[in-house]
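Participant: This is final35.pdb (PDB, C-alpha atoms).
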```pdb
ATOM      1  CA  MET A   9     129.712-133.920  26.584
ATOM      2  CA  THR A  10     126.114-134.678  25.622
ATOM      3  CA  VAL A  11     124.879-134.450  29.226
ATOM      4  CA  LYS A  12     126.619-131.095  29.637
ATOM      5  CA  THR A  13     125.057-129.794  26.423
ATOM      6  CA  LEU A  14     121.534-130.712  27.516
ATOM      7  CA  THR A  15     122.053-129.119  30.938
ATOM      8  CA  ALA A  16     123.445-125.980  29.283
ATOM      9  CA  TYR A  17     120.377-125.816  27.034
ATOM     10  CA  PHE A  18     118.025-126.114  30.025
ATOM     11  CA  ASN A  19     119.867-123.319  31.839
ATOM     12  CA  SER A  20     119.820-121.062  28.773
ATOM     13  CA  GLN A  21     116.055-121.506  28.551
ATOM     14  CA  LEU A  22     115.649-120.715  32.261
ATOM     15  CA  THR A  23     117.619-117.507  31.742
ATOM     16  CA  GLU A  24     115.532-116.539  28.719
ATOM     17  CA  LEU A  25     112.291-117.059  30.650
ATOM     18  CA  GLY A  26     113.323-115.015  33.692
ATOM     19  CA  TYR A  27     114.822-117.686  35.967
ATOM     20  CA  ASP A  28     118.446-116.631  35.580
ATOM     21  CA  ASP A  29     119.052-116.898  39.330
ATOM     22  CA  ILE A  30     117.947-120.534  39.274
ATOM     23  CA  ALA A  31     120.219-121.221  36.288
ATOM     24  CA  LEU A  32     123.183-119.544  37.996
ATOM     25  CA  THR A  33     122.686-121.640  41.142
ATOM     26  CA  ASP A  34     124.070-124.543  39.076
ATOM     27  CA  GLY A  35     122.081-127.163  40.922
ATOM     28  CA  MET A  36     119.787-128.481  38.199
ATOM     29  CA  GLU A  37     119.277-132.240  38.270
ATOM     30  CA  TRP A  38     117.781-134.488  35.623
ATOM     31  CA  SER A  39     117.600-138.178  34.868
ATOM     32  CA  LEU A  40     116.075-139.517  31.646
ATOM     33  CA  GLY A  41     116.365-143.280  31.427
ATOM     34  CA  TYR A  42     112.765-144.273  30.653
ATOM     35  CA  CYS A  43     112.026-145.381  34.197
ATOM     36  CA  GLN A  44     109.806-144.229  37.057
ATOM     37  CA  SER A  45     112.596-142.184  38.604
ATOM     38  CA  ASP A  46     112.964-139.979  35.512
ATOM     39  CA  HIS A  47     112.793-136.334  36.499
ATOM     40  CA  VAL A  48     113.915-132.776  35.922
ATOM     41  CA  SER A  49     114.268-130.622  39.036
ATOM     42  CA  PHE A  50     115.356-127.062  39.697
ATOM     43  CA  PRO A  51     117.298-125.766  42.699
ATOM     44  CA  ASN A  52     115.882-123.204  45.089
ATOM     45  CA  ALA A  53     117.080-119.658  44.521
ATOM     46  CA  SER A  54     116.298-116.079  45.467
ATOM     47  CA  ILE A  55     114.911-114.202  42.489
ATOM     48  CA  CYS A  56     116.344-110.734  41.919
ATOM     49  CA  THR A  57     113.985-107.816  41.325
ATOM     50  CA  ASP A  58     114.732-107.502  37.592
ATOM     51  CA  ASP A  59     114.078-111.199  36.949
ATOM     52  CA  ALA A  60     110.962-111.061  39.119
ATOM     53  CA  LYS A  61     109.635-108.227  36.955
ATOM     54  CA  THR A  62     110.432-110.243  33.821
ATOM     55  CA  LEU A  63     108.421-113.145  35.264
ATOM     56  CA  CYS A  64     105.635-110.771  36.270
ATOM     57  CA  ASN A  65     105.375-109.409  32.717
ATOM     58  CA  ARG A  66     105.188-112.948  31.340
ATOM     59  CA  LEU A  67     102.863-114.557  33.892
ATOM     60  CA  MET A  68     100.604-111.766  35.158
ATOM     61  CA  ASP A  69      98.257-109.221  33.617
ATOM     62  CA  GLY A  70      95.926-106.401  34.519
ATOM     63  CA  LYS A  71      95.731-104.918  37.993
ATOM     64  CA  TYR A  72      97.550-107.885  39.555
ATOM     65  CA  LYS A  73     100.618-107.325  37.380
ATOM     66  CA  ALA A  74     100.740-103.680  38.398
ATOM     67  CA  ALA A  75     100.256-104.637  42.059
ATOM     68  CA  VAL A  76     103.148-107.163  41.990
ATOM     69  CA  LYS A  77     105.453-104.564  40.418
ATOM     70  CA  ARG A  78     104.553-102.064  43.141
ATOM     71  CA  ALA A  79     105.327-104.707  45.759
ATOM     72  CA  LEU A  80     108.696-105.422  44.134
ATOM     73  CA  ASP A  81     109.526-101.731  44.120
ATOM     74  CA  LYS A  82     108.717-101.644  47.852
ATOM     75  CA  GLY A  83     111.320-104.348  48.513
ATOM     76  CA  LEU A  84     109.441-107.648  48.083
ATOM     77  CA  GLU A  85     111.740-110.689  48.085
ATOM     78  CA  LEU A  86     111.011-113.932  46.202
ATOM     79  CA  GLU A  87     112.299-117.492  46.363
ATOM     80  CA  ALA A  88     111.448-120.151  43.782
ATOM     81  CA  GLY A  89     112.493-123.649  42.760
ATOM     82  CA  GLY A  90     113.438-126.563  44.963
ATOM     83  CA  LYS A  91     111.158-129.134  46.552
ATOM     84  CA  TYR A  92     108.839-126.699  48.303
ATOM     85  CA  ARG A  93     106.345-124.066  47.278
ATOM     86  CA  SER A  94     107.703-120.712  46.143
ATOM     87  CA  GLU A  95     107.331-117.970  48.720
ATOM     88  CA  PHE A  96     107.613-114.217  49.123
ATOM     89  CA  ASN A  97     108.980-112.178  52.002
ATOM     90  CA  ASP A  98     107.497-108.731  52.684
ATOM     91  CA  TYR A  99     109.305-108.033  55.972
ATOM     92  CA  ASN A 100     111.464-105.343  54.420
ATOM     93  CA  CYS A 101     108.757-103.690  52.351
ATOM     94  CA  GLU A 102     108.396 -99.977  52.883
ATOM     95  CA  PRO A 103     105.624 -98.933  53.001
ATOM     96  CA  GLU A 104     103.694-102.071  53.909
ATOM     97  CA  LEU A 105     101.938-104.004  51.171
ATOM     98  CA  THR A 106      98.284-103.299  50.545
ATOM     99  CA  VAL A 107      95.641-106.020  50.601
ATOM    100  CA  LEU A 108      95.561-106.033  46.803
ATOM    101  CA  GLU A 109      99.344-106.314  46.576
ATOM    102  CA  ILE A 110      99.414-109.266  48.988
ATOM    103  CA  GLU A 111      96.651-110.986  47.016
ATOM    104  CA  ALA A 112      98.551-110.351  43.762
ATOM    105  CA  CYS A 113     101.791-111.758  45.227
ATOM    106  CA  GLU A 114      99.987-114.923  46.337
ATOM    107  CA  LYS A 115      98.735-115.406  42.804
ATOM    108  CA  PHE A 116     102.203-114.632  41.441
ATOM    109  CA  ILE A 117     104.021-117.361  43.366
ATOM    110  CA  THR A 118     101.256-119.837  42.440
ATOM    111  CA  TYR A 119     101.783-119.011  38.774
ATOM    112  CA  ILE A 120     105.554-119.382  39.214
ATOM    113  CA  ASP A 121     105.124-122.871  40.690
ATOM    114  CA  GLU A 122     102.810-123.875  37.839
ATOM    115  CA  ASP A 123     105.243-122.437  35.310
ATOM    116  CA  LEU A 124     108.159-124.408  36.768
ATOM    117  CA  LYS A 125     106.095-127.615  36.689
ATOM    118  CA  ASP A 126     105.287-126.962  33.026
ATOM    119  CA  LEU A 127     108.994-126.404  32.361
ATOM    120  CA  GLU A 128     109.888-129.689  34.051
ATOM    121  CA  ARG A 129     107.472-131.557  31.777
ATOM    122  CA  ARG A 130     108.699-129.680  28.697
ATOM    123  CA  PHE A 131     112.370-130.304  29.501
ATOM    124  CA  LYS A 132     111.703-134.014  30.025
ATOM    125  CA  SER A 133     110.017-134.262  26.636
ATOM    126  CA  GLU A 134     112.781-132.304  24.889
ATOM    127  CA  GLY A 135     115.427-134.317  26.715
ATOM    128  CA  TYR A 136     114.012-137.591  25.399
ATOM    129  CA  GLU A 137     113.947-136.179  21.866
ATOM    130  CA  PHE A 138     117.563-135.065  22.197
ATOM    131  CA  LEU A 139     118.856-138.382  23.554
ATOM    132  CA  GLU A 140     116.961-140.320  20.870
ATOM    133  CA  ALA A 141     118.431-138.234  18.036
ATOM    134  CA  THR A 142     121.705-140.162  18.125
ATOM    135  CA  PRO A 143     122.068-143.934  17.519
ATOM    136  CA  SER A 144     122.002-146.123  20.603
ATOM    137  CA  MET A 145     125.266-147.546  21.912
ATOM    138  CA  ASP A 146     124.256-151.074  20.958
ATOM    139  CA  GLU A 147     122.751-150.374  17.530
ATOM    140  CA  PRO A 148     124.954-148.418  15.112
ATOM    141  CA  GLU A 149     123.429-147.465  11.756
ATOM    142  CA  ILE A 150     125.301-148.718   8.681
ATOM    143  CA  ALA A 151     125.622-145.765   6.316
ATOM    144  CA  LEU A 152     127.963-147.196   3.686
ATOM    145  CA  GLU A 153     129.529-150.547   2.725
ATOM    146  CA  ARG A 154     132.067-151.075  -0.046
ATOM    147  CA  VAL A 155     134.429-153.868  -1.130
ATOM    148  CA  LEU A 156     137.881-152.514  -1.955
ATOM    149  CA  GLY A 157     139.853-155.463  -3.297
ATOM    150  CA  ARG A 158     140.657-157.670  -0.325
ATOM    151  CA  PHE A 159     139.262-155.039   2.062
ATOM    152  CA  LYS A 160     135.697-154.325   3.105
ATOM    153  CA  LEU A 161     134.897-150.758   4.080
ATOM    154  CA  VAL A 162     132.096-150.035   6.554
ATOM    155  CA  VAL A 163     130.989-146.503   7.506
ATOM    156  CA  SER A 164     128.599-146.437  10.468
ATOM    157  CA  LYS A 165     126.717-143.790  12.403
ATOM    158  CA  VAL A 166     127.393-144.501  16.049
ATOM    159  CA  HIS A 167     126.347-143.073  19.399
ATOM    160  CA  CYS A 168     127.737-139.582  20.036
ATOM    161  CA  GLU A 169     129.010-139.134  23.589
ATOM    162  CA  TRP A 170     130.522-135.668  23.104
ATOM    163  CA  PHE A 171     128.058-133.414  21.303
ATOM    164  CA  ASP A 172     129.230-129.970  22.336
ATOM    165  CA  LEU A 173     127.019-126.887  22.120
ATOM    166  CA  PHE A 174     126.638-123.769  24.274
ATOM    167  CA  CYS A 175     130.398-123.382  24.662
ATOM    168  CA  SER A 176     130.219-119.632  23.996
ATOM    169  CA  ASP A 177     128.539-116.831  25.923
ATOM    170  CA  LEU A 178     128.012-114.697  22.811
ATOM    171  CA  GLU A 179     124.325-114.035  22.208
ATOM    172  CA  GLU A 180     124.457-114.946  18.497
ATOM    173  CA  ASP A 181     126.190-118.257  19.310
ATOM    174  CA  ILE A 182     123.582-119.115  21.944
ATOM    175  CA  GLU A 183     120.786-118.334  19.468
ATOM    176  CA  CYS A 184     122.427-120.547  16.832
ATOM    177  CA  ASP A 185     122.882-123.431  19.295
ATOM    178  CA  THR A 186     119.280-123.041  20.477
ATOM    179  CA  ASP A 187     118.045-123.267  16.874
ATOM    180  CA  THR A 188     120.123-126.437  16.454
ATOM    181  CA  MET A 189     118.530-127.968  19.552
ATOM    182  CA  LYS A 190     115.032-127.066  18.362
ATOM    183  CA  SER A 191     115.735-128.744  15.007
ATOM    184  CA  ILE A 192     116.755-131.867  16.928
ATOM    185  CA  PHE A 193     113.586-131.765  19.046
ATOM    186  CA  ASP A 194     111.481-131.418  15.884
ATOM    187  CA  GLY A 195     113.162-134.455  14.306
ATOM    188  CA  LYS A 196     114.713-132.366  11.538
ATOM    189  CA  LEU A 197     118.311-132.987  12.611
ATOM    190  CA  LYS A 198     120.275-136.007  13.819
ATOM    191  CA  TYR A 199     123.693-136.026  15.459
ATOM    192  CA  PHE A 200     126.217-138.861  15.614
ATOM    193  CA  ASP A 201     129.840-139.904  15.297
ATOM    194  CA  LEU A 202     130.992-141.573  12.102
ATOM    195  CA  LYS A 203     132.994-144.757  12.546
ATOM    196  CA  ILE A 204     135.027-145.824   9.500
ATOM    197  CA  GLU A 205     136.290-149.412   9.652
ATOM    198  CA  LEU A 206     138.368-151.486   7.262
ATOM    199  CA  PHE A 207     138.152-155.276   7.383
ATOM    200  CA  ASP A 208     140.467-157.789   5.749
ATOM    201  CA  THR A 209     138.283-160.309   3.894
ATOM    202  CA  LEU A 210     141.241-162.717   3.697
ATOM    203  CA  GLY A 211     142.017-162.509   7.389
ATOM    204  CA  GLU A 212     141.212-165.161   9.969
ATOM    205  CA  GLU A 213     139.040-162.855  12.092
ATOM    206  CA  ASP A 214     136.509-161.259   9.751
ATOM    207  CA  ASP A 215     134.680-159.464  12.578
ATOM    208  CA  ASP A 216     137.701-157.490  13.768
ATOM    209  CA  ALA A 217     138.587-154.341  11.870
ATOM    210  CA  ILE A 218     142.214-153.871  10.881
ATOM    211  CA  THR A 219     142.003-150.137  11.334
ATOM    212  CA  CYS A 220     139.344-147.704  12.452
ATOM    213  CA  GLY A 221     138.832-143.956  12.087
ATOM    214  CA  TYR A 222     136.315-141.540  13.571
ATOM    215  CA  LEU A 223     134.629-138.285  12.654
ATOM    216  CA  GLY A 224     133.017-136.779  15.725
ATOM    217  CA  ASN A 225     130.162-134.321  16.316
ATOM    218  CA  CYS A 226     128.474-134.894  12.946
ATOM    219  CA  MET A 227     124.997-133.561  12.122
ATOM    220  CA  GLN A 228     122.665-134.409   9.242
ATOM    221  CA  GLY A 229     119.357-132.820   8.292
ATOM    222  CA  GLU A 230     116.403-134.945   7.264
ATOM    223  CA  GLU A 231     116.689-133.792   3.634
ATOM    224  CA  GLU A 232     120.482-134.037   3.438
ATOM    225  CA  LYS A 233     122.576-136.883   2.053
ATOM    226  CA  LEU A 234     125.522-137.985   4.148
ATOM    227  CA  MET A 235     128.108-137.825   1.359
ATOM    228  CA  ASN A 236     126.961-134.337   0.361
ATOM    229  CA  VAL A 237     127.643-133.126   3.890
ATOM    230  CA  TYR A 238     130.719-135.119   4.903
ATOM    231  CA  GLY A 239     131.953-136.616   1.641
ATOM    232  CA  ASN A 240     135.357-134.909   1.685
ATOM    233  CA  GLU A 241     136.041-135.804   5.318
ATOM    234  CA  ILE A 242     134.901-139.401   4.801
ATOM    235  CA  ARG A 243     137.093-139.869   1.721
ATOM    236  CA  GLU A 244     140.063-138.354   3.539
ATOM    237  CA  THR A 245     139.571-140.683   6.516
ATOM    238  CA  ILE A 246     139.132-143.687   4.207
ATOM    239  CA  SER A 247     142.411-142.846   2.465
ATOM    240  CA  GLN A 248     144.234-142.643   5.783
ATOM    241  CA  THR A 249     142.607-145.857   7.004
ATOM    242  CA  VAL A 250     143.560-147.780   3.855
ATOM    243  CA  SER A 251     147.144-146.504   4.057
ATOM    244  CA  GLU A 252     147.376-147.559   7.694
ATOM    245  CA  SER A 253     145.958-150.995   6.859
ATOM    246  CA  ARG A 254     148.446-151.524   4.037
ATOM    247  CA  SER A 255     151.271-150.564   6.369
ATOM    248  CA  LEU A 256     150.084-153.033   9.017
ATOM    249  CA  LEU A 257     149.835-155.805   6.412
ATOM    250  CA  GLY A 258     153.163-154.963   4.778
ATOM    251  CA  LYS A 259     151.424-153.892   1.560
ATOM    252  CA  GLU A 260     152.665-150.320   1.321
ATOM    253  CA  LEU A 261     152.444-148.560  -2.034
ATOM    254  CA  PRO A 262     154.840-145.584  -1.765
ATOM    255  CA  HIS A 263     153.954-144.094  -5.157
ATOM    256  CA  ARG A 264     150.264-144.349  -4.389
ATOM    257  CA  GLU A 265     150.734-142.695  -0.989
ATOM    258  CA  GLU A 266     152.763-139.910  -2.573
ATOM    259  CA  ALA A 267     150.042-139.335  -5.158
ATOM    260  CA  PHE A 268     147.384-139.174  -2.442
ATOM    261  CA  ALA A 269     149.535-136.762  -0.442
ATOM    262  CA  GLN A 270     149.829-134.506  -3.481
ATOM    263  CA  MET A 271     146.070-134.667  -4.018
ATOM    264  CA  ARG A 272     145.448-133.721  -0.397
ATOM    265  CA  GLU A 273     147.835-130.788  -0.642
ATOM    266  CA  LEU A 274     146.195-129.561  -3.853
ATOM    267  CA  LYS A 275     142.805-129.819  -2.202
ATOM    268  CA  ARG A 276     144.074-127.884   0.825
ATOM    269  CA  LEU A 277     145.460-125.136  -1.390
ATOM    270  CA  ALA A 278     142.213-125.018  -3.390
ATOM    271  CA  ILE A 279     140.201-124.583  -0.168
ATOM    272  CA  LEU A 280     142.518-121.780   0.981
ATOM    273  CA  ALA A 281     142.228-120.090  -2.419
ATOM    274  CA  GLN A 282     138.436-120.350  -2.308
ATOM    275  CA  GLN A 283     138.366-118.871   1.197
ATOM    276  CA  GLU A 284     140.588-115.998   0.024
ATOM    277  CA  ARG A 285     138.282-115.361  -2.966
ATOM    278  CA  GLU A 286     135.248-115.294  -0.675
ATOM    279  CA  ARG A 287     136.981-112.844   1.675
ATOM    280  CA  ASN A 288     137.878-110.597  -1.265
ATOM    281  CA  GLU A 289     134.311-110.757  -2.591
ATOM    282  CA  ARG A 290     132.916-109.808   0.810
ATOM    283  CA  ARG A 291     135.434-106.979   1.088
ATOM    284  CA  GLU A 292     134.551-105.687  -2.388
ATOM    285  CA  ALA A 293     130.845-105.911  -1.591
ATOM    286  CA  GLU A 294     131.361-103.905   1.613
ATOM    287  CA  ILE A 295     133.379-101.262  -0.268
ATOM    288  CA  GLU A 296     130.683-101.042  -2.947
ATOM    289  CA  LYS A 297     127.991-100.729  -0.299
ATOM    290  CA  GLU A 298     129.896 -97.933   1.442
ATOM    291  CA  LYS A 299     130.411 -96.211  -1.924
ATOM    292  CA  GLU A 300     126.685 -96.383  -2.718
ATOM    293  CA  ALA A 301     125.835 -95.022   0.726
ATOM    294  CA  GLN A 302     128.282 -92.143   0.225
ATOM    295  CA  GLN A 303     126.815 -91.359  -3.212
ATOM    296  CA  LEU A 304     123.298 -91.401  -1.778
ATOM    297  CA  ALA A 305     124.330 -89.051   1.031
ATOM    298  CA  GLU A 306     125.985 -86.678  -1.450
ATOM    299  CA  ALA A 307     122.897 -86.750  -3.692
ATOM    300  CA  LYS A 308     120.657 -85.895  -0.739
ATOM    301  CA  GLU A 309     122.958 -83.045   0.272
ATOM    302  CA  LEU A 310     123.035 -81.715  -3.289
ATOM    303  CA  SER A 311     119.245 -81.930  -3.500
ATOM    304  CA  ARG A 312     118.899 -80.021  -0.241
ATOM    305  CA  TRP A 313     121.175 -77.215  -1.429
ATOM    306  CA  SER A 314     119.452 -77.102  -4.835
ATOM    307  CA  GLY A 315     116.111 -76.669  -3.091
ATOM    308  CA  MET A 316     117.477 -73.817  -1.031
ATOM    309  CA  SER A 317     118.892 -72.087  -4.145
ATOM    310  CA  LEU A 318     115.608 -72.533  -5.971
ATOM    311  CA  GLY A 319     113.746 -70.987  -3.055
ATOM    312  CA  VAL A 320     116.075 -67.942  -3.048
ATOM    313  CA  ASN A 321     115.696 -67.467  -6.814
ATOM    314  CA  LEU A 322     111.919 -67.705  -6.610
ATOM    315  CA  THR A 323     111.839 -65.123  -3.837
ATOM    316  CA  SER A 324     114.017 -62.729  -5.865
ATOM    317  CA  SER A 325     111.842 -63.194  -8.944
ATOM    318  CA  MET A 326     108.642 -62.498  -7.008
ATOM    319  CA  SER A 327     110.157 -59.328  -5.563
ATOM    320  CA  PHE A 328     111.124 -58.145  -9.058
ATOM    321  CA  LEU A 329     107.583 -58.757 -10.365
ATOM    322  CA  THR A 330     106.117 -56.816  -7.461
ATOM    323  CA  LEU A 331     108.293 -53.856  -8.281
TER
END
```
The structure given in the file should be rewritten as structure tokens.
Facilitator:
Amino acid sequence: MTVKTLTAYFNSQLTELGYDDIALTDGMEWSLGYCQSDHVSFPNASICTDDAKTLCNRLMDGKYKAAVKRALDKGLELEAGGKYRSEFNDYNCEPELTVLEIEACEKFITYIDEDLKDLERRFKSEGYEFLEATPSMDEPEIALERVLGRFKLVVSKVHCEWFDLFCSDLEEDIECDTDTMKSIFDGKLKYFDLKIELFDTLGEEDDDAITCGYLGNCMQGEEEKLMNVYGNEIRETISQTVSESRSLLGKELPHREEAFAQMRELKRLAILAQQERERNERREAEIEKEKEAQQLAEAKELSRWSGMSLGVNLTSSMSFLTL
């Protein structure tokens, strides 16, 4: 779901910046509807020592950074997020905090509060960019119109309700999804569902599609052409939609359907063959790379032994000359 994806992105950024405990609290709230009540807010959470040190490295410098780290090592406890000011608890610190350490901790929680406010503003801005990168519910974008005999084909980009990212906990997947989100924020990438409709121009109700197909979770870069990215899927869906329409209208063409089925099967087999070729090429490249590495290692070993032999021979020759 789009809302879930945006929340997951916000939490991943909190974790990256040192607020993992806030992200794990799972109490983030946001509302972005272009009204006065729009907001992004973080839940209150206790910050563990490791995350506190990460924040300290990012927000503090000089003697104050060193002083905060000493306080954390003494047992300083931190709370951040929520409606109220962040605070620290030094009741369990052993030994007691010095004047400098207390002063540094006061600065630290002030910087944390300012940082969270900056994040709220940033997340609001990025959230608007994300929600605007898909067509509105009321205004689909016509991408393609064609007349196919008595039928009219319309391919539209429509609002995407289920744009799923951050479904994996693998670091490389999170990095890839984060790059996708940043491309959306920068206006370099749009996401949408494709709605493929077929209208009967001879029917009584021209505005009602006979059949309709969807391609969900589509993305298109600003320099990309739709048919270059999704041409095969669109043509496949069009074929299925036309076949369904002919069936509904009693205009089936069995030979035509059989021919299309054969074409689809040939295309499927061609894709499988291409995937197998690519796997074989990668495998051969890996074998060749391992072979080259082995040859290089053997050459180095041979060179090392040759050098040792040369050194022995030179020593023997010098001894002979001395005699």
Participant: For Lys82 of chain A, which of A:Leu67, A:Met271, A:Cys101, A:Leu14 is the closest residue, counting all atoms listed in the file?
Facilitator: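 Ranked by minimum distance to Lys82 of chain A, first place goes to A:Cys101.
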Participant: List every protein, DNA or RNA residue with an atom no more than 7 Å from (127.4, -141.9, 18.5) in the file's coordinates, counting all atoms listed in the file, and format the result as a list in words.
Facilitator: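 Residues satisfying the cut-off, written out: Thr142, Pro143, Met145, Lys165, Val166, His167, Cys168, Glu169, Phe200 and Asp201 of chain A.
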Participant: Which residues fall under the PyMOL selection byres ((chain A and resi 242) around 10) in this file, as a short mmCIF file (atom, residue, chain, number, x, y, z; two decimals) with C-alpha atoms, in the coordinates of the input?
Facilitator:
```cif
data_model
loop_
_atom_site.label_atom_id
_atom_site.label_comp_id
_atom_site.auth_asym_id
_atom_site.auth_seq_id
_atom_site.Cartn_x
_atom_site.Cartn_y
_atom_site.Cartn_z
CA VAL A 163 130.99 -146.50 7.51
CA LEU A 202 130.99 -141.57 12.10
CA LYS A 203 132.99 -144.76 12.55
CA ILE A 204 135.03 -145.82 9.50
CA GLY A 221 138.83 -143.96 12.09
CA TYR A 222 136.32 -141.54 13.57
CA LEU A 223 134.63 -138.28 12.65
CA LEU A 234 125.52 -137.99 4.15
CA MET A 235 128.11 -137.82 1.36
CA VAL A 237 127.64 -133.13 3.89
CA TYR A 238 130.72 -135.12 4.90
CA GLY A 239 131.95 -136.62 1.64
CA ASN A 240 135.36 -134.91 1.68
CA GLU A 241 136.04 -135.80 5.32
CA ARG A 243 137.09 -139.87 1.72
CA GLU A 244 140.06 -138.35 3.54
CA THR A 245 139.57 -140.68 6.52
CA ILE A 246 139.13 -143.69 4.21
CA SER A 247 142.41 -142.85 2.46
CA GLN A 248 144.23 -142.64 5.78
#
```
Participant: How far is it from atom CA of Cys113 of chain A to atom CA of Tyr92 of chain A, in Å with one decimal?
Facilitator: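 For atom CA of Cys113 of chain A relative to atom CA of Tyr92 of chain A, the distance reads 16.8 Å.
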Participant: Rounded to one decimal place, report the atom CA of Leu80 of chain A-atom CA of Thr118 of chain A distance in Å.
Facilitator: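 Between atom CA of Leu80 of chain A and atom CA of Thr118 of chain A the gap is 16.3 Å.
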Participant: Evaluating the PyMOL selection byres ((chain A and resi 141) around 9) on the displayed file yields which residues, as a list in words?
Facilitator: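 Applied to this file, the PyMOL selection byres ((chain A and resi 141) around 9) selects Tyr136, Glu137, Phe138, Leu139, Glu140, Thr142, Pro143, Ile192, Phe193, Gly195, Leu197, Lys198, Tyr199 and Phe200 of chain A.
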Participant: Have a look at A:Arg66, A:Arg254, A:Arg93, A:Arg312 and name the one nearest to Asn52 of chain A; count only C-alpha atoms.
Facilitator: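 With only C-alpha atoms as the atom set, the closest residue is A:Arg93.
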Participant: For the provided coordinates, the residues matched by the PyMOL selection byres ((chain A and resi 57) around 12) should be stated as a PDB file with C-alpha atoms, in the coordinates of the input.
Facilitator:
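What follows is the written file result30.pdb:
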```pdb
ATOM      1  CA  GLY A  26     113.323-115.015  33.692  1.00  0.00           C
ATOM      2  CA  TYR A  27     114.822-117.686  35.967  1.00  0.00           C
ATOM      3  CA  ASP A  28     118.446-116.631  35.580  1.00  0.00           C
ATOM      4  CA  ASP A  29     119.052-116.898  39.330  1.00  0.00           C
ATOM      5  CA  SER A  54     116.298-116.079  45.467  1.00  0.00           C
ATOM      6  CA  ILE A  55     114.911-114.202  42.489  1.00  0.00           C
ATOM      7  CA  CYS A  56     116.344-110.734  41.919  1.00  0.00           C
ATOM      8  CA  ASP A  58     114.732-107.502  37.592  1.00  0.00           C
ATOM      9  CA  ASP A  59     114.078-111.199  36.949  1.00  0.00           C
ATOM     10  CA  ALA A  60     110.962-111.061  39.119  1.00  0.00           C
ATOM     11  CA  LYS A  61     109.635-108.227  36.955  1.00  0.00           C
ATOM     12  CA  THR A  62     110.432-110.243  33.821  1.00  0.00           C
ATOM     13  CA  LEU A  63     108.421-113.145  35.264  1.00  0.00           C
ATOM     14  CA  CYS A  64     105.635-110.771  36.270  1.00  0.00           C
ATOM     15  CA  VAL A  76     103.148-107.163  41.990  1.00  0.00           C
ATOM     16  CA  LYS A  77     105.453-104.564  40.418  1.00  0.00           C
ATOM     17  CA  ARG A  78     104.553-102.064  43.141  1.00  0.00           C
ATOM     18  CA  ALA A  79     105.327-104.707  45.759  1.00  0.00           C
ATOM     19  CA  LEU A  80     108.696-105.422  44.134  1.00  0.00           C
ATOM     20  CA  ASP A  81     109.526-101.731  44.120  1.00  0.00           C
ATOM     21  CA  LYS A  82     108.717-101.644  47.852  1.00  0.00           C
ATOM     22  CA  GLY A  83     111.320-104.348  48.513  1.00  0.00           C
ATOM     23  CA  LEU A  84     109.441-107.648  48.083  1.00  0.00           C
ATOM     24  CA  GLU A  85     111.740-110.689  48.085  1.00  0.00           C
ATOM     25  CA  LEU A  86     111.011-113.932  46.202  1.00  0.00           C
ATOM     26  CA  GLU A  87     112.299-117.492  46.363  1.00  0.00           C
ATOM     27  CA  PHE A  96     107.613-114.217  49.123  1.00  0.00           C
TER      28      PHE A  96
END
```
Participant: So which one's closest to Lys132 of chain A, A:Ser311, A:Asn288, A:Asn100, A:Ser49? Using only C-alpha atoms, please.
Facilitator: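 Nearest candidate to Lys132 of chain A out of A:Ser311, A:Asn288, A:Asn100, A:Ser49: A:Ser49.
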Participant: So that I can see what lies close to Ser39 of chain A, please list as a PyMOL selection string the residues with an atom at most 7 Å from it, counting all atoms listed in the file and leaving out residues fewer than 5 positions away in the same chain.
Facilitator: chain A and resi 46-48
Participant: Mind giving me the straight-line distance from atom CA of Glu147 of chain A to atom CA of Cys226 of chain A in Å, one decimal?
Facilitator: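 Computing it gives 17.1 Å between the two atoms.
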Participant: Give me the box for segment 231-246 of chain A as JSON, namely the centre and edge lengths in Å to one decimal of a box along x, y and z that holds every listed atom plus 5 Å on each side.
Facilitator:
```
{"center_x": 128.4, "center_y": -138.4, "center_z": 3.4, "size_x": 33.4, "size_y": 20.6, "size_z": 16.2}
```
Participant: Between A:Ala75, A:Gly211, A:Leu152, A:Gly157, single out the one closest to Val107 of chain A, counting all atoms listed in the file.
Facilitator: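 Between A:Ala75, A:Gly211, A:Leu152, A:Gly157, the residue approaching Val107 of chain A most closely is A:Ala75.
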Participant: Counting all atoms listed in the file, what is within 9 Å of Met68 of chain A, bar same-chain residues fewer than 4 positions away, as a list in words?
Facilitator: Leu63, Cys64, Tyr72, Lys73, Ala74, Val76, Ala112, Lys115, Phe116 and Tyr119 of chain A
